[in-house]
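Shown below: upload-v1.cif, with mmCIF, C-alpha atoms.
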```
data_final
#
loop_
_atom_site.label_atom_id
_atom_site.label_comp_id
_atom_site.auth_asym_id
_atom_site.auth_seq_id
_atom_site.Cartn_x
_atom_site.Cartn_y
_atom_site.Cartn_z
CA MET A 25 15.70 -1.79 17.71
CA SER A 26 13.21 -1.30 20.53
CA SER A 27 13.08 -0.03 24.05
CA VAL A 28 10.70 -0.37 26.95
CA LEU A 29 9.15 2.59 28.71
CA ARG A 30 7.83 2.00 32.21
CA PRO A 31 5.71 4.85 33.58
CA PRO A 32 6.07 5.54 37.33
CA SER A 33 3.93 3.22 39.40
CA SER A 34 1.34 4.71 41.76
CA GLY A 35 1.70 1.73 44.04
CA GLN A 36 -1.64 0.29 42.99
CA GLY A 37 -1.87 -2.52 40.44
CA PRO A 38 0.82 -3.71 38.00
CA THR A 39 3.27 -1.36 36.32
CA LEU A 40 2.30 -0.60 32.71
CA THR A 41 4.89 -1.57 30.11
CA THR A 42 4.92 0.05 26.68
CA GLU A 43 7.30 -0.98 23.92
CA TYR A 44 8.37 1.88 21.71
CA ARG A 45 10.59 2.05 18.62
CA PRO A 46 12.84 5.07 18.07
CA ILE A 47 12.70 5.79 14.34
CA SER A 48 14.42 9.18 14.28
CA SER A 49 15.94 11.75 16.61
CA HIS A 50 12.52 13.28 17.26
CA LEU A 51 10.02 10.45 16.77
CA ALA A 52 9.31 7.17 18.54
CA ILE A 53 6.31 4.93 17.95
CA THR A 54 4.60 2.04 19.69
CA PRO A 55 2.75 0.38 16.77
CA PRO A 56 4.77 -2.40 15.12
CA VAL A 57 5.44 -1.97 11.39
CA SER A 58 5.28 -4.82 8.87
CA VAL A 59 6.84 -4.52 5.41
CA VAL A 60 5.38 -6.66 2.62
CA ILE A 61 7.62 -7.42 -0.38
CA PRO A 62 6.14 -9.43 -3.28
CA ALA A 63 8.98 -11.04 -5.22
CA MET A 64 9.49 -13.41 -8.12
CA ASN A 65 13.06 -14.04 -9.27
CA GLU A 66 14.46 -10.91 -7.61
CA ALA A 67 17.54 -12.43 -5.97
CA GLU A 68 19.89 -9.89 -7.56
CA ASN A 69 17.77 -6.93 -6.45
CA LEU A 70 17.03 -7.94 -2.87
CA PRO A 71 20.44 -6.82 -1.47
CA TYR A 72 19.63 -3.27 -2.62
CA VAL A 73 16.12 -3.47 -1.17
CA PHE A 74 17.04 -4.86 2.23
CA LYS A 75 19.97 -2.56 2.87
CA THR A 76 17.65 0.46 2.83
CA LEU A 77 15.07 -1.00 5.24
CA PRO A 78 15.14 0.59 8.73
CA GLU A 79 16.30 -1.73 11.48
CA TRP A 80 13.40 -0.70 13.72
CA ILE A 81 10.67 -2.34 11.60
CA HIS A 82 8.81 -5.17 13.29
CA GLU A 83 8.88 -7.73 10.47
CA VAL A 84 9.53 -8.29 6.78
CA VAL A 85 7.05 -10.52 4.94
CA LEU A 86 8.43 -11.75 1.62
CA VAL A 87 5.80 -13.27 -0.68
CA ASP A 88 7.60 -15.57 -3.08
CA GLY A 89 5.98 -16.20 -6.46
CA ASN A 90 7.66 -19.57 -7.08
CA SER A 91 11.11 -18.09 -7.74
CA THR A 92 13.79 -20.25 -9.33
CA ASP A 93 16.82 -18.00 -8.81
CA GLY A 94 17.38 -18.33 -5.07
CA THR A 95 15.23 -15.36 -4.04
CA VAL A 96 14.15 -17.02 -0.80
CA GLU A 97 17.66 -18.06 0.18
CA VAL A 98 19.03 -14.57 -0.48
CA ALA A 99 16.23 -12.99 1.57
CA ARG A 100 16.93 -15.26 4.55
CA GLU A 101 20.64 -14.51 4.38
CA LEU A 102 20.04 -10.76 4.26
CA TRP A 103 17.28 -10.65 6.90
CA PRO A 104 17.45 -13.83 9.05
CA LYS A 105 14.05 -13.21 10.66
CA VAL A 106 12.25 -12.65 7.35
CA LYS A 107 8.85 -14.34 7.13
CA VAL A 108 8.65 -16.15 3.78
CA VAL A 109 5.21 -16.91 2.40
CA GLY A 110 4.65 -18.94 -0.75
CA GLN A 111 2.24 -17.48 -3.30
CA HIS A 112 -0.31 -19.99 -4.57
CA GLY A 113 -1.99 -17.72 -7.12
CA LYS A 114 -0.57 -15.33 -9.71
CA GLY A 115 -0.23 -11.58 -10.01
CA LYS A 116 0.92 -8.71 -7.84
CA GLY A 117 -2.50 -8.19 -6.30
CA ASP A 118 -2.68 -11.83 -5.26
CA ALA A 119 0.83 -11.61 -3.77
CA LEU A 120 0.00 -8.49 -1.76
CA ILE A 121 -3.25 -9.92 -0.43
CA THR A 122 -1.35 -13.06 0.61
CA GLY A 123 1.27 -10.96 2.38
CA PHE A 124 -1.26 -8.74 4.15
CA GLU A 125 -2.91 -11.79 5.65
CA GLU A 126 0.40 -12.85 7.22
CA CYS A 127 1.27 -9.46 8.74
CA THR A 128 1.16 -9.06 12.51
CA GLY A 129 2.04 -5.36 12.64
CA ASP A 130 -0.46 -2.54 13.16
CA ILE A 131 1.06 -0.63 10.24
CA ILE A 132 1.66 -2.28 6.86
CA VAL A 133 4.05 -0.94 4.23
CA MET A 134 4.12 -2.12 0.59
CA VAL A 135 7.58 -2.19 -1.03
CA ASP A 136 8.52 -3.48 -4.49
CA ALA A 137 11.39 -5.98 -4.79
CA ASP A 138 13.04 -4.49 -7.88
CA GLY A 139 15.13 -1.89 -6.06
CA SER A 140 13.05 1.06 -7.31
CA ALA A 141 11.91 2.08 -3.83
CA ASP A 142 14.04 3.62 -1.10
CA GLY A 143 13.28 1.95 2.23
CA GLY A 144 14.57 5.06 3.96
CA GLU A 145 11.33 6.79 2.97
CA ILE A 146 9.33 4.50 5.24
CA VAL A 147 9.85 6.94 8.11
CA SER A 148 7.83 9.56 6.17
CA TYR A 149 4.97 7.15 5.62
CA VAL A 150 4.91 6.03 9.25
CA SER A 151 5.12 9.63 10.47
CA ALA A 152 2.01 10.49 8.42
CA LEU A 153 0.10 7.55 9.87
CA VAL A 154 0.95 8.17 13.51
CA SER A 155 0.06 11.83 12.93
CA GLY A 156 -3.52 10.95 11.99
CA ALA A 157 -3.70 9.58 8.44
CA ASP A 158 -5.31 6.21 7.74
CA PHE A 159 -3.56 5.66 4.41
CA ALA A 160 -0.18 7.11 3.37
CA LYS A 161 -0.05 7.09 -0.43
CA GLY A 162 3.26 7.45 -2.22
CA SER A 163 3.36 9.95 -5.06
CA ARG A 164 6.07 10.47 -7.66
CA PHE A 165 4.45 13.72 -8.76
CA ALA A 166 3.83 15.43 -5.43
CA ASN A 167 6.22 18.25 -4.60
CA GLY A 168 9.50 16.56 -3.65
CA GLY A 169 8.82 13.30 -5.48
CA GLY A 170 10.22 12.05 -8.77
CA THR A 171 10.75 9.09 -11.08
CA ASP A 172 13.59 7.70 -13.18
CA ASP A 173 11.49 4.88 -14.59
CA MET A 174 8.50 6.21 -16.53
CA THR A 175 8.24 6.55 -20.27
CA PHE A 176 6.28 9.43 -21.76
CA ILE A 177 3.41 7.08 -22.65
CA ARG A 178 3.20 5.65 -19.13
CA LYS A 179 3.36 9.12 -17.60
CA LEU A 180 0.60 10.37 -19.90
CA GLY A 181 -1.57 7.34 -19.16
CA ASN A 182 -1.06 7.65 -15.42
CA ARG A 183 -2.01 11.33 -15.55
CA ALA A 184 -5.17 10.64 -17.56
CA LEU A 185 -6.32 7.79 -15.32
CA CYS A 186 -5.54 9.85 -12.23
CA ALA A 187 -7.69 12.69 -13.56
CA VAL A 188 -10.60 10.30 -14.13
CA VAL A 189 -10.38 8.94 -10.57
CA ASN A 190 -10.17 12.43 -9.09
CA ARG A 191 -13.24 13.56 -11.00
CA LYS A 192 -15.38 10.47 -10.54
CA PHE A 193 -14.59 9.73 -6.90
CA GLY A 194 -13.73 13.13 -5.47
CA ALA A 195 -10.08 12.26 -4.85
CA ARG A 196 -7.20 14.75 -5.01
CA TYR A 197 -4.39 12.46 -6.11
CA THR A 198 -1.28 13.53 -8.00
CA ASP A 199 -0.31 9.91 -8.76
CA LEU A 200 -2.44 6.82 -9.23
CA CYS A 201 -0.47 3.75 -10.34
CA TYR A 202 2.29 3.55 -7.74
CA GLY A 203 2.94 0.66 -5.40
CA TYR A 204 4.76 2.33 -2.49
CA ASN A 205 2.06 2.83 0.14
CA ALA A 206 1.48 2.33 3.87
CA PHE A 207 -1.65 2.04 5.96
CA TRP A 208 -3.10 1.00 9.29
CA ARG A 209 -4.09 -2.65 9.35
CA HIS A 210 -7.73 -1.80 10.07
CA CYS A 211 -8.05 -0.33 6.56
CA LEU A 212 -8.09 -3.85 5.11
CA ASP A 213 -11.48 -4.49 6.73
CA LYS A 214 -12.95 -1.57 4.80
CA ILE A 215 -11.43 -1.80 1.33
CA GLU A 216 -11.82 -5.58 0.79
CA LEU A 217 -9.27 -6.23 -1.95
CA ASP A 218 -10.40 -8.65 -4.65
CA CYS A 219 -8.15 -8.30 -7.71
CA THR A 220 -4.95 -10.11 -8.65
CA GLY A 221 -2.92 -7.90 -11.00
CA PHE A 222 -1.03 -4.59 -11.02
CA GLU A 223 -4.37 -2.80 -10.86
CA VAL A 224 -4.56 -3.62 -7.13
CA GLU A 225 -2.89 -0.29 -6.34
CA THR A 226 -5.59 1.63 -8.21
CA LEU A 227 -8.30 -0.39 -6.50
CA MET A 228 -6.85 0.46 -3.09
CA ASN A 229 -6.62 4.15 -3.95
CA ILE A 230 -10.25 4.27 -5.07
CA ARG A 231 -11.69 2.32 -2.17
CA VAL A 232 -9.90 4.29 0.55
CA VAL A 233 -11.60 7.39 -0.88
CA LYS A 234 -14.99 5.69 -1.21
CA THR A 235 -14.90 4.54 2.41
CA GLY A 236 -13.93 7.96 3.74
CA LEU A 237 -10.49 7.04 5.06
CA LYS A 238 -8.06 9.90 5.61
CA VAL A 239 -5.39 9.84 2.90
CA GLN A 240 -2.11 11.73 2.89
CA GLU A 241 0.20 11.72 -0.12
CA ILE A 242 3.91 11.19 0.56
CA PRO A 243 6.48 12.50 -1.95
CA SER A 244 8.48 9.51 -3.16
CA HIS A 245 11.27 8.97 -5.67
CA GLU A 246 11.07 5.95 -7.95
CA TYR A 247 14.44 4.65 -9.15
CA LEU A 248 15.22 2.44 -12.11
CA ARG A 249 14.88 -1.30 -11.70
CA ILE A 250 18.41 -2.51 -10.96
CA HIS A 251 18.41 -5.98 -12.53
CA GLY A 252 16.00 -7.86 -14.77
CA THR A 253 12.97 -6.65 -16.69
CA SER A 254 9.59 -5.54 -15.42
CA ASN A 255 6.42 -7.55 -16.03
CA LEU A 256 4.52 -4.28 -16.39
CA ARG A 257 2.97 -3.69 -19.84
CA ALA A 258 1.70 -0.14 -20.33
CA VAL A 259 -1.24 -0.80 -22.64
CA ARG A 260 -2.37 -4.11 -21.15
CA ASP A 261 -2.15 -2.98 -17.55
CA GLY A 262 -3.54 0.46 -18.37
CA LEU A 263 -6.67 -1.20 -19.73
CA ARG A 264 -6.95 -3.32 -16.59
CA VAL A 265 -6.71 -0.18 -14.47
CA LEU A 266 -9.42 1.48 -16.55
CA LYS A 267 -11.62 -1.59 -16.13
CA VAL A 268 -11.26 -1.33 -12.34
CA ILE A 269 -12.17 2.36 -12.43
CA LEU A 270 -15.30 1.71 -14.49
CA ALA A 271 -16.34 -1.22 -12.29
CA GLU A 272 -15.94 0.83 -9.10
CA ARG A 273 -17.90 3.67 -10.68
CA SER A 274 -20.72 1.26 -11.56
CA ASN A 275 -20.71 -0.11 -8.01
CA ARG A 276 -21.03 3.42 -6.68
CA ARG A 277 -24.04 4.12 -8.89
CA GLU A 278 -25.69 0.87 -7.84
CA LEU A 279 -25.16 1.75 -4.17
CA ARG A 280 -26.84 5.11 -4.74
CA ARG A 281 -29.80 3.42 -6.44
CA ARG A 282 -30.14 1.03 -3.51
CA VAL A 283 -30.13 3.91 -1.06
CA ARG A 284 -32.80 5.74 -3.07
CA ARG A 285 -34.93 2.56 -3.13
CA SER A 286 -34.40 1.82 0.57
CA PRO A 287 -37.75 1.10 2.35
CA MET A 288 -36.46 2.85 5.46
CA LEU A 289 -35.56 5.96 3.46
CA GLU A 290 -38.96 5.92 1.78
CA ALA A 291 -40.66 5.69 5.18
CA LEU A 292 -38.65 8.65 6.47
CA ARG A 293 -39.56 10.67 3.40
CA GLY A 294 -43.24 9.83 4.01
CA GLU A 295 -43.05 11.04 7.58
CA VAL A 296 -41.40 14.29 6.50
CA SER A 297 -44.03 14.94 3.85
#
```
Render the structure in this file as structure tokens.
Amino acid sequence: MSSVLRPPSSGQGPTLTTEYRPISSHLAITPPVSVVIPAMNEAENLPYVFKTLPEWIHEVVLVDGNSTDGTVEVARELWPKVKVVGQHGKGKGDALITGFEECTGDIIVMVDADGSADGGEIVSYVSALVSGADFAKGSRFANGGGTDDMTFIRKLGNRALCAVVNRKFGARYTDLCYGYNAFWRHCLDKIELDCTGFEVETLMNIRVVKTGLKVQEIPSHEYLRIHGTSNLRAVRDGLRVLKVILAERSNRRELRRRVRRSPMLEALRGEVS
């Protein structure tokens, strides 16, 4: 759903035309919003996902990981204008990167295909972005959020890893390993994603902090997967997340060493002394 606003013409030059999208009774936006959904054999879950998506979004980009259950056909039936992109690599990170490259919207929203995310929450993410945030990060543990799909072990691991990231990178996160996020497209030029697995969400969260982007947490409720089983493995993927954290910490130290060894910095220090 979109409308066109034409400001009064002064009689000089062409009349400006601005397309805006009413997303609630008190908010309308001009930036188009793209929703990226990585999916592999999620045909049974897609009806639940698509029915919660707001009709005002600009486009839906479905990244298909070589599904064999009719995922693509179901998506096209539910959302005729869906943009389907085939995934050539493997892993959630690879799927998201593939989807991001195909987006044409100024705002990009990441939504899982298992039915655990409520598309109705997108308005909260978009509101945060148009209000000044660069990155709107979903949190199941912020005030107002929640989860129906975390075991005690996963919750404990998430909390521990989150604490490490907060301490090592100066973040103030309440949740770390959650895939419901939204951001302005320009953020992709600064965070340079280069991992293929579930750890991509952690990598994004670390790099938005390292690059100084403005982050706002959005309370979000995670529901149970409706059909099928998750590919997430707590120990395996937890170790991959930890590996990303350690690698990013090492990169930060190396950057500091390079700055300290910078010839220009040394010259400036000489002039001061």
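Residues matched by the PyMOL selection byres ((chain A and resi 155) around 12) in this file: A:Leu51, A:Ala52, A:Ile53, A:Val147, A:Ser148, A:Tyr149, A:Val150, A:Ser151, A:Ala152, A:Leu153, A:Val154, A:Gly156, A:Ala157, A:Asp158, A:Phe159, A:Ala160, A:Trp208, A:Lys238, A:Val239, A:Gln240.
The list of residues with at least one atom within 10 Å of A:Cys211, based on all atoms listed in the file and without residues fewer than 3 positions apart in the same chain, reads A:Ile131, A:Ile132, A:Asp158, A:Phe159, A:Phe207, A:Trp208, A:Lys214, A:Ile215, A:Glu216, A:Met228, A:Arg231, A:Val232, A:Thr235, A:Leu237.
When only C-alpha atoms are used to measure the gap to A:Gly94, the shortest distance among A:Glu68, A:Glu79, A:Glu246, A:Asp118 belongs to A:Glu68.
Across A:Asn182, A:Thr198, A:Ser49, A:Ser91, the tightest approach to A:Glu223 is made by A:Asn182 when counting only C-alpha atoms.
Using all atoms listed in the file for every distance, the candidate list A:Met64, A:Cys201, A:Ile146, A:Val98 yields A:Met64 as the residue closest to A:Gln111.
Using the PyMOL selection byres ((chain A and resi 202) around 10) on this structure selects A:Asp136, A:Lys161, A:Gly162, A:Ser163, A:Arg164, A:Asn182, A:Asp199, A:Leu200, A:Cys201, A:Gly203, A:Tyr204, A:Asn205, A:Phe222, A:Glu223, A:Val224, A:Glu225, A:Thr226, A:Asn229, A:Ser244, A:Glu246.
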Residues returned when the PyMOL selection byres ((chain A and resi 169) around 6) runs on this file, as JSON, numbers by chain
{"A": [164, 165, 166, 167, 168, 170, 243, 244, 245]}
Resulting file, chosen residues, C-alpha atoms, as an mmCIF file, in the coordinates of the input:
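Below is the file that was written, selection.cif:
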```
data_model
loop_
_atom_site.group_PDB
_atom_site.id
_atom_site.type_symbol
_atom_site.label_atom_id
_atom_site.label_comp_id
_atom_site.auth_asym_id
_atom_site.auth_seq_id
_atom_site.Cartn_x
_atom_site.Cartn_y
_atom_site.Cartn_z
ATOM 1 C CA ARG A 164 6.070 10.470 -7.660
ATOM 2 C CA PHE A 165 4.450 13.720 -8.760
ATOM 3 C CA ALA A 166 3.830 15.430 -5.430
ATOM 4 C CA ASN A 167 6.220 18.250 -4.600
ATOM 5 C CA GLY A 168 9.500 16.560 -3.650
ATOM 6 C CA GLY A 170 10.220 12.050 -8.770
ATOM 7 C CA PRO A 243 6.480 12.500 -1.950
ATOM 8 C CA SER A 244 8.480 9.510 -3.160
ATOM 9 C CA HIS A 245 11.270 8.970 -5.670
#
```
Around (17.3, -10.3, 11.1) in the file's own coordinates, what residues are found within 12 Å if you use all atoms listed in the file, given back as a PyMOL selection string?
chain A and resi 25+74-75+77-85+99-107
Within 7 Å of A:Ala195 using all atoms listed in the file, minus same-chain residues under 4 positions, as a ChimeraX atom specification
/A:189-190,233
What's around A:Leu70 at 8 Å? Count all atoms listed in the file, leave out sequence neighbours fewer than 3 positions away in its own chain, and write the answer as an MDAnalysis selection string.
chainID A and resid 66:67 73:74 95 98:99 137:139
Quick one, how far is atom CA of A:Leu266 from atom CA of A:Gly89?
25.5 Å
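Every residue within 6 Å of the file position (-4.2, 13.9, -1.6), judged by all atoms listed in the file, is given as Arg196, Tyr197, Gln240 and Glu241 of chain A.
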What's the separation between atom CA of A:Glu43 and atom CA of A:Glu145, in Å to one decimal place?
22.7 Å
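Between atom CA of A:Tyr247 and atom CA of A:Cys127 there is a distance of 26.3 Å.
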Between A:Leu248, A:Leu185, A:Met174, A:Val109, which has the minimum distance to A:Val268 (counting all atoms listed in the file)?
A:Leu185
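Look at A:Lys116: the protein and nucleic acid residues within 7 Å of it, using all atoms listed in the file and passing over chain neighbours fewer than 4 places away, are Pro62, Leu120, Thr220, Gly221 and Phe222 of chain A.
Comparing A:Thr128, A:Thr122, A:Thr76, A:Asn69 by their smallest distance to A:Pro55, the closest is A:Thr128 (using all atoms listed in the file).
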Taking only C-alpha atoms into account, which of A:Asp142, A:Arg260, A:Lys179, A:Lys234 comes nearest A:Tyr72?
A:Asp142
